[in-house]
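*Asks:* Before anything else, here's the structure in question.
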Amino acid sequence: MSRATIMVDDRLGEYLDFINRPETAAQRKLRDETGMMPNAGMQIGPNQGSFMAFLIKLLGVERALEIGTFTGYSALTVASALPEGGTMVCCDVSAEWTAKGRAAWTEAGIGDRIDLRIGPAAETLDQLIADGEAGTFDFAFIDADKDNYDRYYEQCLILVRKGGLIAIDNVLWSGGVADPSDQDRLTVMIRALNEKLRDDPRVDFCLVPIGDGLSLARPR
Ligand SMILES: C[S@@+](CC[C@H](N)C(=O)[O-])C[C@H]1O[C@@H](n2cnc3c(N)ncnc32)[C@H](O)[C@@H]1O
């Protein structure tokens, strides 16, 4: 038995891609197309997608929220895992990047499940709250500008029902959070957020070392 988390090198990563449920043709196509873009590294990896789709099904999520959509890979993954009639609200500032997502969602036959809102996510989330949507979401995925992570978390705590799930991406920050000499502004901020969630009596919390680190917070 070991208390250490195994290091996932390229070979082990390939094994995970092989043994986890393979990407659908639609996911692969979108990953390949996005792979040609300069910011391709922003999309979640196939293993993380597989894990998130598993969570969506495990929790019986019917209504999902995403903050940070980019070219739509994580939204495609989550929306495809929803049951018939399931819906998702996606927030992003980029009409250009999300246009790729819209096309991929339509091609995959799940376009009608996704309500894409273009604009600063903090404003979109405030609007959802003002529209009486508090407690109506089963799941939220936070993967946008890190400066607003704390704000998004607080807004998601209002929007996601008790017993639902808030997932926050990039919380290991390439390992920087564990390096005390790393005092970069965003590293310090993410480190503080991780500790805030750990100590937050409003949620059950676990940080999972998948991708660049995925925090899972379950509102109580
Ligand atoms: C890491 S990418 C999202 C990747 C996506 N979840 C995926 O896995 O394919 C971050 C996204 O956040 C968006 N973003 C940045 N600042 C934002 C803001 N203030 N409001 C909404 N979206 C924002 C960017 O346009 C970008 O598409």
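Please note that chains go A, B, ... in the order of the structure tokens, that every chain numbers its residues from 1, and that ligands are numbered from 1 in the order shown.
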At a cut-off of 12 Å, using only C-alpha atoms, what residues contact stretch 176-180 of chain A? Leave out same-chain residues fewer than 4 positions from it and give the result as a list in words.

*Replies:*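 Counting only the stated atoms, we get Asn170, Val171, Leu172, Asp184, Arg185, Leu186, Thr187, Val188, Met189, Ile190, Arg191, Ala192, Leu193, Asn194, Glu195, Asp212 and Gly213 of chain A.
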
*Asks:* Looking only at the backbone, which of the residues in stretch 1-219 of chain A does DSSP tag as strand (DSSP E or B), as a PDB file with N, CA and C atoms, in the first residue's frame?

*Replies:*
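Wrote part-v1.pdb, looks like this:
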ATOM      1  N   ARG A  63     -29.142  19.177 -14.996  1.00  0.00           N
ATOM      2  CA  ARG A  63     -28.940  20.600 -15.324  1.00  0.00           C
ATOM      3  C   ARG A  63     -27.514  20.966 -14.922  1.00  0.00           C
ATOM      4  N   ALA A  64     -26.725  21.360 -15.919  1.00  0.00           N
ATOM      5  CA  ALA A  64     -25.305  21.637 -15.682  1.00  0.00           C
ATOM      6  C   ALA A  64     -24.970  23.078 -16.054  1.00  0.00           C
ATOM      7  N   LEU A  65     -23.875  23.555 -15.470  1.00  0.00           N
ATOM      8  CA  LEU A  65     -23.414  24.925 -15.698  1.00  0.00           C
ATOM      9  C   LEU A  65     -21.917  24.855 -15.966  1.00  0.00           C
ATOM     10  N   GLU A  66     -21.467  25.637 -16.950  1.00  0.00           N
ATOM     11  CA  GLU A  66     -20.020  25.675 -17.225  1.00  0.00           C
ATOM     12  C   GLU A  66     -19.559  27.132 -17.288  1.00  0.00           C
ATOM     13  N   ILE A  67     -18.452  27.398 -16.622  1.00  0.00           N
ATOM     14  CA  ILE A  67     -17.861  28.735 -16.648  1.00  0.00           C
ATOM     15  C   ILE A  67     -16.506  28.594 -17.330  1.00  0.00           C
ATOM     16  N   THR A  87     -30.151  19.756 -19.628  1.00  0.00           N
ATOM     17  CA  THR A  87     -29.759  21.046 -20.200  1.00  0.00           C
ATOM     18  C   THR A  87     -28.489  21.567 -19.541  1.00  0.00           C
ATOM     19  N   MET A  88     -27.832  22.497 -20.239  1.00  0.00           N
ATOM     20  CA  MET A  88     -26.563  23.038 -19.756  1.00  0.00           C
ATOM     21  C   MET A  88     -26.481  24.508 -20.143  1.00  0.00           C
ATOM     22  N   VAL A  89     -26.020  25.345 -19.217  1.00  0.00           N
ATOM     23  CA  VAL A  89     -25.733  26.747 -19.515  1.00  0.00           C
ATOM     24  C   VAL A  89     -24.214  26.893 -19.562  1.00  0.00           C
ATOM     25  N   CYS A  90     -23.714  27.449 -20.667  1.00  0.00           N
ATOM     26  CA  CYS A  90     -22.268  27.643 -20.836  1.00  0.00           C
ATOM     27  C   CYS A  90     -21.957  29.134 -20.891  1.00  0.00           C
ATOM     28  N   CYS A  91     -20.911  29.550 -20.165  1.00  0.00           N
ATOM     29  CA  CYS A  91     -20.533  30.965 -20.098  1.00  0.00           C
ATOM     30  C   CYS A  91     -19.131  31.159 -20.674  1.00  0.00           C
ATOM     31  N   ASP A  92     -19.000  32.122 -21.559  1.00  0.00           N
ATOM     32  CA  ASP A  92     -17.668  32.476 -22.078  1.00  0.00           C
ATOM     33  C   ASP A  92     -17.723  33.899 -22.640  1.00  0.00           C
ATOM     34  N   ILE A 114     -27.726  22.934 -25.023  1.00  0.00           N
ATOM     35  CA  ILE A 114     -26.782  23.937 -24.502  1.00  0.00           C
ATOM     36  C   ILE A 114     -27.256  25.360 -24.773  1.00  0.00           C
ATOM     37  N   ASP A 115     -27.312  26.129 -23.694  1.00  0.00           N
ATOM     38  CA  ASP A 115     -27.664  27.553 -23.745  1.00  0.00           C
ATOM     39  C   ASP A 115     -26.353  28.316 -23.515  1.00  0.00           C
ATOM     40  N   LEU A 116     -25.784  28.847 -24.619  1.00  0.00           N
ATOM     41  CA  LEU A 116     -24.483  29.534 -24.536  1.00  0.00           C
ATOM     42  C   LEU A 116     -24.696  31.015 -24.268  1.00  0.00           C
ATOM     43  N   ARG A 117     -24.062  31.513 -23.224  1.00  0.00           N
ATOM     44  CA  ARG A 117     -24.193  32.941 -22.867  1.00  0.00           C
ATOM     45  C   ARG A 117     -22.833  33.608 -23.040  1.00  0.00           C
ATOM     46  N   ILE A 118     -22.774  34.543 -23.979  1.00  0.00           N
ATOM     47  CA  ILE A 118     -21.519  35.255 -24.229  1.00  0.00           C
ATOM     48  C   ILE A 118     -21.483  36.530 -23.389  1.00  0.00           C
ATOM     49  N   PHE A 137     -29.252  24.073 -10.347  1.00  0.00           N
ATOM     50  CA  PHE A 137     -28.236  23.306 -11.079  1.00  0.00           C
ATOM     51  C   PHE A 137     -27.750  22.134 -10.217  1.00  0.00           C
ATOM     52  N   ASP A 138     -27.465  21.022 -10.893  1.00  0.00           N
ATOM     53  CA  ASP A 138     -26.939  19.835 -10.207  1.00  0.00           C
ATOM     54  C   ASP A 138     -25.413  19.823 -10.231  1.00  0.00           C
ATOM     55  N   PHE A 139     -24.836  20.540 -11.202  1.00  0.00           N
ATOM     56  CA  PHE A 139     -23.392  20.438 -11.424  1.00  0.00           C
ATOM     57  C   PHE A 139     -22.881  21.736 -12.024  1.00  0.00           C
ATOM     58  N   ALA A 140     -21.699  22.175 -11.583  1.00  0.00           N
ATOM     59  CA  ALA A 140     -21.045  23.332 -12.210  1.00  0.00           C
ATOM     60  C   ALA A 140     -19.572  23.016 -12.409  1.00  0.00           C
ATOM     61  N   PHE A 141     -19.042  23.443 -13.551  1.00  0.00           N
ATOM     62  CA  PHE A 141     -17.615  23.257 -13.855  1.00  0.00           C
ATOM     63  C   PHE A 141     -17.000  24.636 -14.035  1.00  0.00           C
ATOM     64  N   ILE A 142     -16.047  24.984 -13.183  1.00  0.00           N
ATOM     65  CA  ILE A 142     -15.392  26.294 -13.232  1.00  0.00           C
ATOM     66  C   ILE A 142     -14.038  26.133 -13.910  1.00  0.00           C
ATOM     67  N   VAL A 160     -25.943  26.023  -7.382  1.00  0.00           N
ATOM     68  CA  VAL A 160     -25.961  24.543  -7.370  1.00  0.00           C
ATOM     69  C   VAL A 160     -26.708  24.065  -6.114  1.00  0.00           C
ATOM     70  N   ARG A 161     -27.567  23.113  -6.315  1.00  0.00           N
ATOM     71  CA  ARG A 161     -28.380  22.593  -5.202  1.00  0.00           C
ATOM     72  C   ARG A 161     -27.516  21.861  -4.172  1.00  0.00           C
ATOM     73  N   LYS A 162     -28.044  21.755  -2.975  1.00  0.00           N
ATOM     74  CA  LYS A 162     -27.359  20.955  -1.957  1.00  0.00           C
ATOM     75  C   LYS A 162     -27.287  19.506  -2.438  1.00  0.00           C
ATOM     76  N   GLY A 163     -26.129  18.873  -2.255  1.00  0.00           N
ATOM     77  CA  GLY A 163     -25.956  17.508  -2.742  1.00  0.00           C
ATOM     78  C   GLY A 163     -25.522  17.441  -4.187  1.00  0.00           C
ATOM     79  N   GLY A 164     -25.435  18.602  -4.848  1.00  0.00           N
ATOM     80  CA  GLY A 164     -24.909  18.655  -6.215  1.00  0.00           C
ATOM     81  C   GLY A 164     -23.384  18.687  -6.175  1.00  0.00           C
ATOM     82  N   LEU A 165     -22.777  19.198  -7.245  1.00  0.00           N
ATOM     83  CA  LEU A 165     -21.311  19.189  -7.295  1.00  0.00           C
ATOM     84  C   LEU A 165     -20.775  20.418  -8.028  1.00  0.00           C
ATOM     85  N   ILE A 166     -19.743  21.027  -7.417  1.00  0.00           N
ATOM     86  CA  ILE A 166     -19.004  22.112  -8.081  1.00  0.00           C
ATOM     87  C   ILE A 166     -17.599  21.587  -8.332  1.00  0.00           C
ATOM     88  N   ALA A 167     -17.174  21.571  -9.592  1.00  0.00           N
ATOM     89  CA  ALA A 167     -15.832  21.100  -9.950  1.00  0.00           C
ATOM     90  C   ALA A 167     -15.015  22.307 -10.422  1.00  0.00           C
ATOM     91  N   ILE A 168     -13.797  22.424  -9.913  1.00  0.00           N
ATOM     92  CA  ILE A 168     -12.945  23.573 -10.253  1.00  0.00           C
ATOM     93  C   ILE A 168     -11.631  23.061 -10.841  1.00  0.00           C
ATOM     94  N   ASP A 169     -11.289  23.554 -12.032  1.00  0.00           N
ATOM     95  CA  ASP A 169     -10.135  23.006 -12.768  1.00  0.00           C
ATOM     96  C   ASP A 169      -8.833  23.766 -12.476  1.00  0.00           C
ATOM     97  N   VAL A 203     -19.397  22.918   2.422  1.00  0.00           N
ATOM     98  CA  VAL A 203     -19.222  21.862   1.410  1.00  0.00           C
ATOM     99  C   VAL A 203     -18.446  20.663   1.955  1.00  0.00           C
ATOM    100  N   ASP A 204     -18.660  19.516   1.326  1.00  0.00           N
ATOM    101  CA  ASP A 204     -17.715  18.400   1.428  1.00  0.00           C
ATOM    102  C   ASP A 204     -16.732  18.616   0.294  1.00  0.00           C
ATOM    103  N   PHE A 205     -15.467  18.274   0.532  1.00  0.00           N
ATOM    104  CA  PHE A 205     -14.434  18.685  -0.434  1.00  0.00           C
ATOM    105  C   PHE A 205     -13.392  17.586  -0.646  1.00  0.00           C
ATOM    106  N   CYS A 206     -12.978  17.466  -1.913  1.00  0.00           N
ATOM    107  CA  CYS A 206     -11.850  16.588  -2.218  1.00  0.00           C
ATOM    108  C   CYS A 206     -11.149  17.114  -3.476  1.00  0.00           C
ATOM    109  N   LEU A 207      -9.820  17.210  -3.417  1.00  0.00           N
ATOM    110  CA  LEU A 207      -9.047  17.634  -4.589  1.00  0.00           C
ATOM    111  C   LEU A 207      -8.503  16.379  -5.273  1.00  0.00           C
ATOM    112  N   VAL A 208      -8.877  16.178  -6.519  1.00  0.00           N
ATOM    113  CA  VAL A 208      -8.493  14.964  -7.250  1.00  0.00           C
ATOM    114  C   VAL A 208      -7.338  15.276  -8.200  1.00  0.00           C
ATOM    115  N   LEU A 214      -8.324  18.766 -10.049  1.00  0.00           N
ATOM    116  CA  LEU A 214      -9.753  19.076 -10.111  1.00  0.00           C
ATOM    117  C   LEU A 214     -10.320  19.036  -8.691  1.00  0.00           C
ATOM    118  N   SER A 215     -10.762  20.203  -8.208  1.00  0.00           N
ATOM    119  CA  SER A 215     -11.403  20.245  -6.892  1.00  0.00           C
ATOM    120  C   SER A 215     -12.858  19.877  -7.025  1.00  0.00           C
ATOM    121  N   LEU A 216     -13.326  19.052  -6.113  1.00  0.00           N
ATOM    122  CA  LEU A 216     -14.741  18.674  -6.086  1.00  0.00           C
ATOM    123  C   LEU A 216     -15.336  19.171  -4.778  1.00  0.00           C
ATOM    124  N   ALA A 217     -16.361  19.995  -4.878  1.00  0.00           N
ATOM    125  CA  ALA A 217     -17.014  20.530  -3.688  1.00  0.00           C
ATOM    126  C   ALA A 217     -18.501  20.192  -3.776  1.00  0.00           C
ATOM    127  N   ARG A 218     -18.997  19.553  -2.728  1.00  0.00           N
ATOM    128  CA  ARG A 218     -20.420  19.147  -2.695  1.00  0.00           C
ATOM    129  C   ARG A 218     -21.148  20.000  -1.669  1.00  0.00           C
ATOM    130  N   PRO A 219     -22.005  20.931  -2.140  1.00  0.00           N
ATOM    131  CA  PRO A 219     -22.725  21.797  -1.210  1.00  0.00           C
ATOM    132  C   PRO A 219     -23.554  20.961  -0.220  1.00  0.00           C
TER     133      PRO A 219
END

*Asks:* To one decimal place, how far is atom CA of A:Asn148 from atom 11 (C, counted along the ligand's line) of ligand 1 in Å?

*Replies:*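 These two atoms are separated by 11.8 Å.
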
*Asks:* Would you mind listing the residues within 8 Å of ligand 1, counting only C-alpha atoms and all ligand atoms, as a ChimeraX atom specification?

*Replies:* /A:41-45,66-75,91-94,97-98,118-122,141-145,148

*Asks:* Write out as a list in words which residues come within 12 Å of A:Gly85 when counting only C-alpha atoms, dropping same-chain ones fewer than 5 positions away.

*Replies:*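 The contact residues come out as Val61, Glu62, Arg63, Ala64, Ala79, Ser80, Ile110, Gly111, Asp112, Arg113 and Ile114 of chain A.
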
*Asks:* Using DSSP on the backbone, list every residue of stretch 12-212 of chain A that comes out as helix (DSSP H, G or I), and give them as a VMD selection string.

*Replies:* chain A and resid 12 to 19 25 to 35 40 to 42 46 to 59 73 to 81 95 to 108 111 to 113 121 to 130 146 to 159 173 to 178 185 to 198

*Asks:* Find the spatial neighbours of A:Val78, counting only C-alpha atoms, within a cut-off of 7 Å - ignore same-chain residues fewer than 3 positions away - and output them as a PDB file with N, CA and C atoms, in the first residue's frame.

*Replies:*
ATOM      1  N   MET A  52     -15.261  13.203 -15.788  1.00  0.00           N
ATOM      2  CA  MET A  52     -16.376  14.132 -15.595  1.00  0.00           C
ATOM      3  C   MET A  52     -17.682  13.548 -16.134  1.00  0.00           C
ATOM      4  N   ALA A  53     -17.618  12.870 -17.270  1.00  0.00           N
ATOM      5  CA  ALA A  53     -18.831  12.235 -17.818  1.00  0.00           C
ATOM      6  C   ALA A  53     -19.340  11.165 -16.843  1.00  0.00           C
ATOM      7  N   ILE A  56     -21.138  12.903 -14.033  1.00  0.00           N
ATOM      8  CA  ILE A  56     -22.456  13.396 -14.462  1.00  0.00           C
ATOM      9  C   ILE A  56     -23.483  12.264 -14.378  1.00  0.00           C
ATOM     10  N   SER A  74     -15.200  20.415 -23.193  1.00  0.00           N
ATOM     11  CA  SER A  74     -15.754  19.955 -21.905  1.00  0.00           C
ATOM     12  C   SER A  74     -17.281  20.033 -21.937  1.00  0.00           C
ATOM     13  N   ALA A  75     -17.825  21.056 -22.606  1.00  0.00           N
ATOM     14  CA  ALA A  75     -19.286  21.162 -22.710  1.00  0.00           C
ATOM     15  C   ALA A  75     -19.857  19.997 -23.526  1.00  0.00           C
ATOM     16  N   ALA A  81     -23.272  13.489 -21.735  1.00  0.00           N
ATOM     17  CA  ALA A  81     -23.507  12.543 -20.636  1.00  0.00           C
ATOM     18  C   ALA A  81     -24.836  12.804 -19.927  1.00  0.00           C
ATOM     19  N   LEU A  82     -25.492  13.916 -20.265  1.00  0.00           N
ATOM     20  CA  LEU A  82     -26.778  14.227 -19.643  1.00  0.00           C
ATOM     21  C   LEU A  82     -27.856  13.279 -20.181  1.00  0.00           C
TER      22      LEU A  82
END

*Asks:* Excluding same-chain residues fewer than 3 positions from stretch 29-31 of chain A, what lies within 7 Å of it counting only C-alpha atoms, as a PDB file with N, CA, C and O atoms, in the first residue's frame?

*Replies:*
ATOM      1  N   ALA A  25     -16.342   9.949 -31.685  1.00  0.00           N
ATOM      2  CA  ALA A  25     -15.807  10.549 -32.907  1.00  0.00           C
ATOM      3  C   ALA A  25     -15.923  12.075 -32.831  1.00  0.00           C
ATOM      4  O   ALA A  25     -15.028  12.813 -33.260  1.00  0.00           O
ATOM      5  N   ALA A  26     -17.037  12.568 -32.244  1.00  0.00           N
ATOM      6  CA  ALA A  26     -17.251  14.023 -32.143  1.00  0.00           C
ATOM      7  C   ALA A  26     -16.207  14.660 -31.227  1.00  0.00           C
ATOM      8  O   ALA A  26     -15.661  15.729 -31.528  1.00  0.00           O
ATOM      9  N   THR A  34      -9.184  21.672 -32.428  1.00  0.00           N
ATOM     10  CA  THR A  34      -8.694  22.626 -31.432  1.00  0.00           C
ATOM     11  C   THR A  34      -7.168  22.509 -31.297  1.00  0.00           C
ATOM     12  O   THR A  34      -6.484  23.498 -31.030  1.00  0.00           O
ATOM     13  N   GLY A  35      -6.670  21.294 -31.512  1.00  0.00           N
ATOM     14  CA  GLY A  35      -5.229  21.048 -31.408  1.00  0.00           C
ATOM     15  C   GLY A  35      -4.406  21.897 -32.362  1.00  0.00           C
ATOM     16  O   GLY A  35      -3.203  22.107 -32.138  1.00  0.00           O
ATOM     17  N   TYR A  73     -15.074  21.594 -25.835  1.00  0.00           N
ATOM     18  CA  TYR A  73     -14.820  20.167 -25.593  1.00  0.00           C
ATOM     19  C   TYR A  73     -15.444  19.690 -24.279  1.00  0.00           C
ATOM     20  O   TYR A  73     -16.134  18.666 -24.246  1.00  0.00           O
ATOM     21  N   ALA A 104     -19.698  22.003 -33.270  1.00  0.00           N
ATOM     22  CA  ALA A 104     -19.450  20.617 -32.842  1.00  0.00           C
ATOM     23  C   ALA A 104     -20.654  20.050 -32.087  1.00  0.00           C
ATOM     24  O   ALA A 104     -21.008  18.877 -32.256  1.00  0.00           O
TER      25      ALA A 104
END

*Asks:* What does the distance between atom CA of A:Leu197 and atom CA of A:Gly60 come to in Å, to one decimal place?

*Replies:*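 Computing it gives 23.7 Å between the two atoms.
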
*Asks:* I need the residue nearest A:Leu159 from this list: A:Ser174, A:Thr136, A:Thr5, A:Gln127. Use only C-alpha atoms for the distance.

*Replies:*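 For A:Leu159, the nearest of the candidates is A:Thr136.
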
*Asks:* Hey, what's within 8 Å of A:Leu125 if we count only C-alpha atoms and toss same-chain stuff fewer than 3 positions away? As JSON, numbers by chain, please?

*Replies:* {"A": [121, 122, 128, 129, 152, 155, 156]}

*Asks:* Distance atom CA of A:Ile6-atom CA of A:Gln48, one decimal place?

*Replies:*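 We find that atom CA of A:Ile6 and atom CA of A:Gln48 lie 16.1 Å from each other.
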